[in-house]
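Shown next: entry.txt, containing compact mmCIF, C-alpha atoms.
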# COMPACT_ATOMS: atom_id res chain seq x y z
CA ASP A 234 0.00 0.00 0.00
CA ALA A 235 1.16 3.51 -0.74
CA ALA A 236 -0.33 6.56 0.90
CA ALA A 237 0.42 10.21 1.46
CA ALA A 238 0.66 11.30 5.08
CA ASP A 239 -0.09 14.93 5.75
CA GLY A 240 1.28 16.90 8.66
CA GLY A 241 -0.23 20.24 7.79
CA GLY A 242 -2.70 20.50 10.66
CA ARG A 243 -6.27 19.60 11.48
CA GLY A 244 -8.82 18.98 8.82
CA GLY A 245 -11.87 17.00 7.84
CA ARG A 246 -11.67 13.34 6.88
CA GLY A 247 -10.59 12.77 3.32
CA GLY A 248 -12.10 10.33 0.89
CA ARG A 249 -10.66 6.99 0.02
CA GLY A 250 -8.05 7.06 -2.71
CA GLY A 251 -4.41 6.82 -3.71
CA ILE A 252 -1.78 8.99 -5.28
CA GLY A 253 -2.98 8.51 -8.84
CA GLY A 254 -5.61 10.41 -10.77
CA GLY A 255 -5.54 14.10 -9.91
CA GLY A 256 -2.44 13.79 -7.76
CA VAL A 257 -1.85 13.90 -4.04
CA ARG A 258 -2.58 17.60 -3.74
CA GLY A 259 -5.96 17.07 -5.37
CA VAL A 260 -6.80 14.50 -2.70
CA LEU A 261 -5.40 16.27 0.33
CA GLY A 262 -6.12 19.85 -0.61
CA PRO A 263 -3.72 22.78 -0.13
CA ARG A 264 -1.62 21.20 2.62
CA THR A 265 1.98 22.14 3.28
CA GLN A 266 3.89 19.07 4.49
CA THR A 267 3.49 15.58 3.02
CA ALA A 268 5.42 12.32 3.15
CA LEU A 269 5.15 9.04 1.27
CA VAL A 270 4.18 6.03 3.43
CA LEU A 271 4.75 2.45 2.24
CA ASN A 272 2.89 -0.22 4.21
CA LYS A 273 3.23 -4.04 4.22
CA VAL A 274 7.00 -3.88 3.78
CA ASP A 275 7.25 -7.20 5.66
CA LEU A 276 5.91 -8.92 2.52
CA VAL A 277 8.55 -7.48 0.17
CA ARG A 278 11.60 -9.53 -0.78
CA PRO A 279 14.29 -8.42 -1.38
CA LYS A 280 14.14 -5.17 0.55
CA THR A 281 15.97 -3.33 -2.23
CA LYS A 282 12.66 -3.32 -4.11
CA LEU A 283 11.33 -0.85 -1.57
CA LEU A 284 13.90 1.75 -2.57
CA ARG A 285 12.97 1.40 -6.24
CA VAL A 286 9.26 1.70 -5.46
CA SER A 287 9.82 4.73 -3.26
CA GLU A 288 11.91 6.45 -5.93
CA ALA A 289 9.33 5.66 -8.63
CA LEU A 290 6.42 7.04 -6.61
CA SER A 291 8.37 10.14 -5.66
CA SER A 292 9.31 10.88 -9.26
CA THR A 293 5.88 10.56 -10.89
CA GLY A 294 5.59 14.33 -11.25
CA LEU A 295 2.15 14.28 -9.59
CA HIS A 296 3.45 15.58 -6.30
CA SER A 297 6.70 16.57 -4.65
CA PHE A 298 6.92 15.11 -1.15
CA ASP A 299 8.41 17.30 1.54
CA TRP A 300 9.91 14.51 3.64
CA PRO A 301 11.69 11.21 3.05
CA GLY A 302 9.39 8.21 2.78
CA PHE A 303 8.31 6.05 5.72
CA MET A 304 8.42 2.27 5.37
CA LEU A 305 6.34 0.34 7.85
CA SER A 306 4.41 -2.82 8.54
CA ALA A 307 1.10 -2.51 10.33
CA GLN A 308 1.21 -6.28 10.83
CA THR A 309 4.49 -6.35 12.77
CA GLY A 310 4.48 -2.74 14.00
CA ASP A 311 7.85 -1.94 12.42
CA GLY A 312 8.08 1.75 11.54
CA VAL A 313 4.67 2.63 12.98
CA ARG A 314 6.16 4.48 15.95
CA ASP A 315 8.34 6.59 13.65
CA LEU A 316 5.33 7.62 11.57
CA ARG A 317 3.26 8.41 14.67
CA ARG A 318 6.10 10.50 16.09
CA TRP A 319 6.41 12.44 12.82
CA LEU A 320 2.67 13.13 12.69
CA LEU A 321 2.64 14.38 16.29
CA THR A 322 5.65 16.57 15.62
CA MET A 323 4.19 18.11 12.47
CA ALA A 324 0.64 18.64 13.78
CA ARG A 325 -0.30 22.28 14.34
CA PRO A 326 -3.37 23.71 16.12
CA GLY A 327 -5.95 25.18 13.82
CA PRO A 328 -9.67 25.73 13.29
CA TRP A 329 -11.91 22.79 12.48
CA ARG A 330 -13.05 22.86 8.88
CA VAL A 331 -16.48 21.51 9.82
CA SER A 332 -18.53 22.94 12.67
CA ALA A 333 -19.32 20.72 15.63
CA GLY A 334 -22.51 18.76 15.24
CA VAL A 335 -22.44 18.75 11.44
CA SER A 336 -22.87 15.26 9.98
CA HIS A 337 -22.36 14.09 6.42
CA VAL A 338 -25.27 11.99 5.17
CA GLN A 339 -24.45 9.34 2.56
CA PRO A 340 -27.01 7.62 0.34
CA PRO A 341 -28.01 4.15 1.63
CA LEU A 342 -26.55 2.45 -1.44
CA VAL A 343 -23.16 4.06 -0.81
CA ILE A 344 -23.30 2.99 2.83
CA ALA A 345 -24.16 -0.57 1.76
CA SER A 346 -21.22 -0.71 -0.65
CA GLU A 347 -18.82 0.55 2.03
CA VAL A 348 -20.05 -2.00 4.56
CA ILE A 349 -19.70 -4.83 2.05
CA ARG A 350 -16.23 -3.56 1.14
CA SER A 351 -15.14 -3.65 4.77
CA HIS A 352 -16.15 -7.30 5.04
CA ILE A 353 -14.32 -8.12 1.81
CA PHE A 354 -11.14 -6.89 3.47
CA ARG A 355 -11.90 -8.93 6.58
CA CYS A 356 -12.48 -12.19 4.71
CA PHE A 357 -9.80 -12.07 2.01
CA ARG A 358 -6.05 -11.90 2.38
CA LYS A 359 -3.07 -10.11 0.87
CA GLU A 360 -3.73 -8.35 -2.44
CA LEU A 361 -6.99 -10.09 -3.41
CA PRO A 362 -9.32 -7.49 -1.80
CA TYR A 363 -7.69 -4.73 -3.85
CA THR A 364 -8.35 -6.55 -7.14
CA LEU A 365 -12.07 -7.14 -6.53
CA MET A 366 -14.56 -4.62 -7.89
CA GLN A 367 -18.15 -4.16 -6.76
CA GLN A 368 -21.13 -3.71 -9.06
CA ASN A 369 -24.56 -2.83 -7.70
CA LEU A 370 -27.27 -4.84 -9.45
CA GLY A 371 -30.40 -3.97 -7.51
CA TRP A 372 -32.05 -2.29 -4.54
CA THR A 373 -35.53 -3.70 -3.97
CA GLU A 374 -37.92 -2.41 -1.32
CA MET A 375 -39.79 -5.25 0.38
CA ARG A 376 -43.38 -5.26 1.67
CA ASN A 377 -42.23 -6.07 5.20
CA GLY A 378 -40.23 -2.84 5.37
CA GLY A 379 -36.95 -4.54 4.58
CA VAL A 380 -34.74 -4.22 1.54
CA ARG A 381 -33.05 -6.67 -0.81
CA ILE A 382 -29.60 -5.62 -2.01
CA ASP A 383 -28.06 -7.39 -4.99
CA GLN A 384 -24.38 -6.83 -5.60
CA GLN A 385 -21.81 -8.61 -7.74
CA LEU A 386 -18.12 -8.98 -6.98
CA LEU A 387 -16.10 -8.72 -10.18
CA LEU A 388 -12.93 -10.80 -10.36
CA PRO A 389 -9.88 -9.65 -12.32
CA PRO A 390 -9.49 -11.45 -15.68
CA LYS A 391 -6.72 -13.98 -16.03
CA ASN A 392 -4.95 -12.15 -18.86
CA GLY A 393 -5.53 -8.68 -17.45
CA ILE A 394 -7.57 -7.33 -20.40
CA GLY A 395 -10.72 -9.40 -20.34
CA GLY A 396 -11.72 -13.04 -20.42
CA PRO A 397 -12.26 -15.51 -17.58
CA ALA A 398 -10.78 -15.14 -14.12
CA LYS A 399 -8.19 -17.52 -12.70
CA ALA A 400 -9.79 -20.72 -11.47
CA SER A 401 -7.89 -20.47 -8.18
CA THR A 402 -9.10 -16.92 -7.59
CA ARG A 403 -12.71 -17.86 -8.31
CA ALA A 404 -12.45 -20.85 -5.98
CA ILE A 405 -11.22 -18.67 -3.10
CA VAL A 406 -13.96 -16.09 -3.62
CA GLU A 407 -16.67 -18.76 -3.92
CA GLN A 408 -15.50 -20.33 -0.67
CA ARG A 409 -15.48 -17.11 1.35
CA LEU A 410 -18.37 -15.26 -0.28
CA PRO A 411 -20.92 -16.65 2.23
CA MET A 412 -18.80 -15.21 5.08
CA VAL A 413 -18.85 -11.79 3.42
CA GLY A 414 -22.59 -11.96 2.86
CA LYS A 415 -23.43 -13.08 6.37
CA GLY A 416 -21.27 -10.52 8.16
CA ALA A 417 -22.21 -7.62 5.87
CA GLY A 418 -25.89 -8.52 6.01
CA ILE A 419 -25.95 -8.43 9.81
CA GLU A 420 -24.10 -5.11 9.96
CA LEU A 421 -26.29 -3.54 7.26
CA SER A 422 -29.44 -4.47 9.18
CA GLU A 423 -28.04 -2.64 12.20
CA VAL A 424 -26.78 0.38 10.24
CA LEU A 425 -29.93 0.84 8.14
CA GLY A 426 -32.28 -0.04 10.98
CA ARG A 427 -34.34 -2.45 8.89
CA PRO A 428 -34.23 -6.09 7.71
CA VAL A 429 -31.70 -6.57 4.92
CA SER A 430 -31.53 -9.48 2.48
CA LEU A 431 -28.07 -9.31 0.91
CA VAL A 432 -27.51 -11.34 -2.26
CA LEU A 433 -23.92 -11.49 -3.51
CA SER A 434 -22.83 -13.07 -6.78
CA ILE A 435 -19.57 -13.40 -8.73
CA GLY A 436 -18.69 -11.96 -12.12
CA THR A 437 -15.59 -11.03 -14.11
CA GLN A 438 -14.30 -7.60 -14.93
CA GLY A 439 -14.63 -6.61 -18.58
CA PRO A 440 -12.14 -4.68 -20.74
CA ALA A 441 -13.70 -1.34 -19.76
CA ASP A 442 -13.23 -2.17 -16.06
CA THR A 443 -9.60 -3.25 -16.39
CA MET A 444 -8.74 -0.10 -18.37
CA GLY A 445 -10.42 2.16 -15.81
CA LEU A 446 -13.15 3.37 -18.18

Could you spell out this file's structure in structure tokens?
Amino acid sequence: DAAAADGGGRGGRGGRGGIGGGGVRGVLGPRTQTALVLNKVDLVRPKTKLLRVSEALSSTGLHSFDWPGFMLSAQTGDGVRDLRRWLLTMARPGPWRVSAGVSHVQPPLVIASEVIRSHIFRCFRKELPYTLMQQNLGWTEMRNGGVRIDQQLLLPPKNGIGGPAKASTRAIVEQRLPMVGKGAGIELSEVLGRPVSLVLSIGTQGPADTMGL
């Protein structure tokens, strides 16, 4: 994982995203001090790869980082203390961007997708959760006051540009999909305050998905 840590002061919560697209400054806003953070370094062999990745991300031209990169492992805790210390050192008092008591209301379908996404990360390991895409198929209001949510998890194609997914990947998703559905369904019922029937299915990403269209 690569992320941009900002030490420019207090602010509202940012959206989910990476350093691509509009660049780090487009994600973080007009902040003053940023640093590149590389997570999961315990999985990288040999360690010299980390230097190449750090140099590549720092030389994309999208953003100029103000501080040397941090390399850490949330799993083992290595480097976490250094990042925390840097954030505490760089933090500056400032006004809250959002007044107290103001809440941001998200559409129910967005909330449902986020809840399902969180359970995908709980049930799948390593890089698999990052390769799965979600496609909403239906939101059906039920007569008993509940709702049926149909969503499809799209697997990455085997050749990267379309076609069937790897058999091993499909087997893993098929095995753990019931766990995702059960956990997400229970949480959605609590969050939405109504009975939820969650129906998850499996599909494959098409060429437009793999090319980011």

Close residues, segment 421-428 of chain A itself excluded, 7 Å, all atoms listed in the file, min 6 positions apart in chain, as a short mmCIF file (atom, residue, chain, number, x, y, z; two decimals) with C-alpha atoms, in the frame of the given file:
data_model
loop_
_atom_site.label_atom_id
_atom_site.label_comp_id
_atom_site.auth_asym_id
_atom_site.auth_seq_id
_atom_site.Cartn_x
_atom_site.Cartn_y
_atom_site.Cartn_z
CA ALA A 345 -24.16 -0.57 1.76
CA VAL A 348 -20.05 -2.00 4.56
CA GLY A 378 -40.23 -2.84 5.37
CA GLY A 379 -36.95 -4.54 4.58
CA VAL A 380 -34.74 -4.22 1.54
#

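Using only C-alpha atoms, the smallest distance between any of A:Lys282, A:His337, A:Arg358, A:Arg350 and Ile405 of chain A comes from A:Arg358.
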
Exercise. Quick one: of A:Val331, A:Met304, A:Leu370, A:Val277, who's nearest to Asp383 of chain A, counting all atoms listed in the file?
Worked result: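 Looking only at the distances to Asp383 of chain A, the closest residue turns out to be A:Leu370.
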
For this session: Quick one: pull the distance between atom CA of Leu365 of chain A and atom CA of Val338 of chain A, Å, one decimal.
Result: 26.0 Å

Problem set entry | Pick from A:Gln266, A:Leu283, A:Gly371, A:Pro362 nearest to Ala324 of chain A, counting only C-alpha atoms | A:Gln266

For this session: Grab the atom CA of Ala398 of chain A to atom CA of Gln385 of chain A distance for me, in Å with one decimal place.
Result: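 Straight-line distance from atom CA of Ala398 of chain A to atom CA of Gln385 of chain A works out to 14.3 Å.
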
Missing atoms in segment 412-435 of chain A need filling: write out N, CA and C atoms for it as a compact mmCIF listing (two decimals), in the frame of the given file.
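New file part-v6.txt:
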# COMPACT_ATOMS: atom_id res chain seq x y z
N MET A 412 -19.25 -15.92 3.88
CA MET A 412 -18.80 -15.21 5.08
C MET A 412 -19.00 -13.71 4.91
N VAL A 413 -18.67 -13.22 3.70
CA VAL A 413 -18.85 -11.79 3.42
C VAL A 413 -20.32 -11.42 3.51
N GLY A 414 -21.16 -12.24 2.88
CA GLY A 414 -22.59 -11.96 2.86
C GLY A 414 -23.23 -11.99 4.23
N LYS A 415 -22.85 -12.96 5.04
CA LYS A 415 -23.43 -13.08 6.37
C LYS A 415 -23.04 -11.90 7.26
N GLY A 416 -21.74 -11.61 7.31
CA GLY A 416 -21.27 -10.52 8.16
C GLY A 416 -21.78 -9.16 7.71
N ALA A 417 -21.74 -8.91 6.38
CA ALA A 417 -22.21 -7.62 5.87
C ALA A 417 -23.71 -7.48 6.04
N GLY A 418 -24.45 -8.57 5.86
CA GLY A 418 -25.89 -8.52 6.01
C GLY A 418 -26.31 -8.15 7.42
N ILE A 419 -25.65 -8.74 8.41
CA ILE A 419 -25.95 -8.43 9.81
C ILE A 419 -25.64 -6.97 10.12
N GLU A 420 -24.48 -6.50 9.68
CA GLU A 420 -24.10 -5.11 9.96
C GLU A 420 -25.02 -4.12 9.24
N LEU A 421 -25.41 -4.44 8.00
CA LEU A 421 -26.29 -3.54 7.26
C LEU A 421 -27.66 -3.41 7.93
N SER A 422 -28.16 -4.52 8.48
CA SER A 422 -29.44 -4.47 9.18
C SER A 422 -29.36 -3.51 10.37
N GLU A 423 -28.22 -3.52 11.06
CA GLU A 423 -28.04 -2.64 12.20
C GLU A 423 -27.87 -1.18 11.76
N VAL A 424 -27.07 -0.98 10.71
CA VAL A 424 -26.78 0.38 10.24
C VAL A 424 -28.02 1.03 9.64
N LEU A 425 -28.76 0.28 8.82
CA LEU A 425 -29.93 0.84 8.14
C LEU A 425 -31.19 0.80 9.00
N GLY A 426 -31.13 0.02 10.09
CA GLY A 426 -32.28 -0.04 10.98
C GLY A 426 -33.49 -0.73 10.38
N ARG A 427 -33.26 -1.72 9.54
CA ARG A 427 -34.34 -2.45 8.89
C ARG A 427 -33.81 -3.80 8.43
N PRO A 428 -34.70 -4.79 8.19
CA PRO A 428 -34.23 -6.09 7.71
C PRO A 428 -33.56 -5.96 6.34
N VAL A 429 -32.44 -6.62 6.18
CA VAL A 429 -31.70 -6.57 4.92
C VAL A 429 -31.46 -7.99 4.41
N SER A 430 -31.83 -8.22 3.17
CA SER A 430 -31.53 -9.48 2.48
C SER A 430 -30.43 -9.17 1.47
N LEU A 431 -29.22 -9.61 1.76
CA LEU A 431 -28.07 -9.31 0.91
C LEU A 431 -27.76 -10.49 0.02
N VAL A 432 -27.78 -10.29 -1.28
CA VAL A 432 -27.51 -11.34 -2.26
C VAL A 432 -26.25 -10.97 -3.03
N LEU A 433 -25.19 -11.73 -2.84
CA LEU A 433 -23.92 -11.49 -3.51
C LEU A 433 -23.67 -12.55 -4.56
N SER A 434 -23.16 -12.13 -5.71
CA SER A 434 -22.83 -13.07 -6.78
C SER A 434 -21.44 -12.74 -7.30
N ILE A 435 -20.93 -13.56 -8.20
CA ILE A 435 -19.57 -13.40 -8.73
C ILE A 435 -19.61 -13.17 -10.23
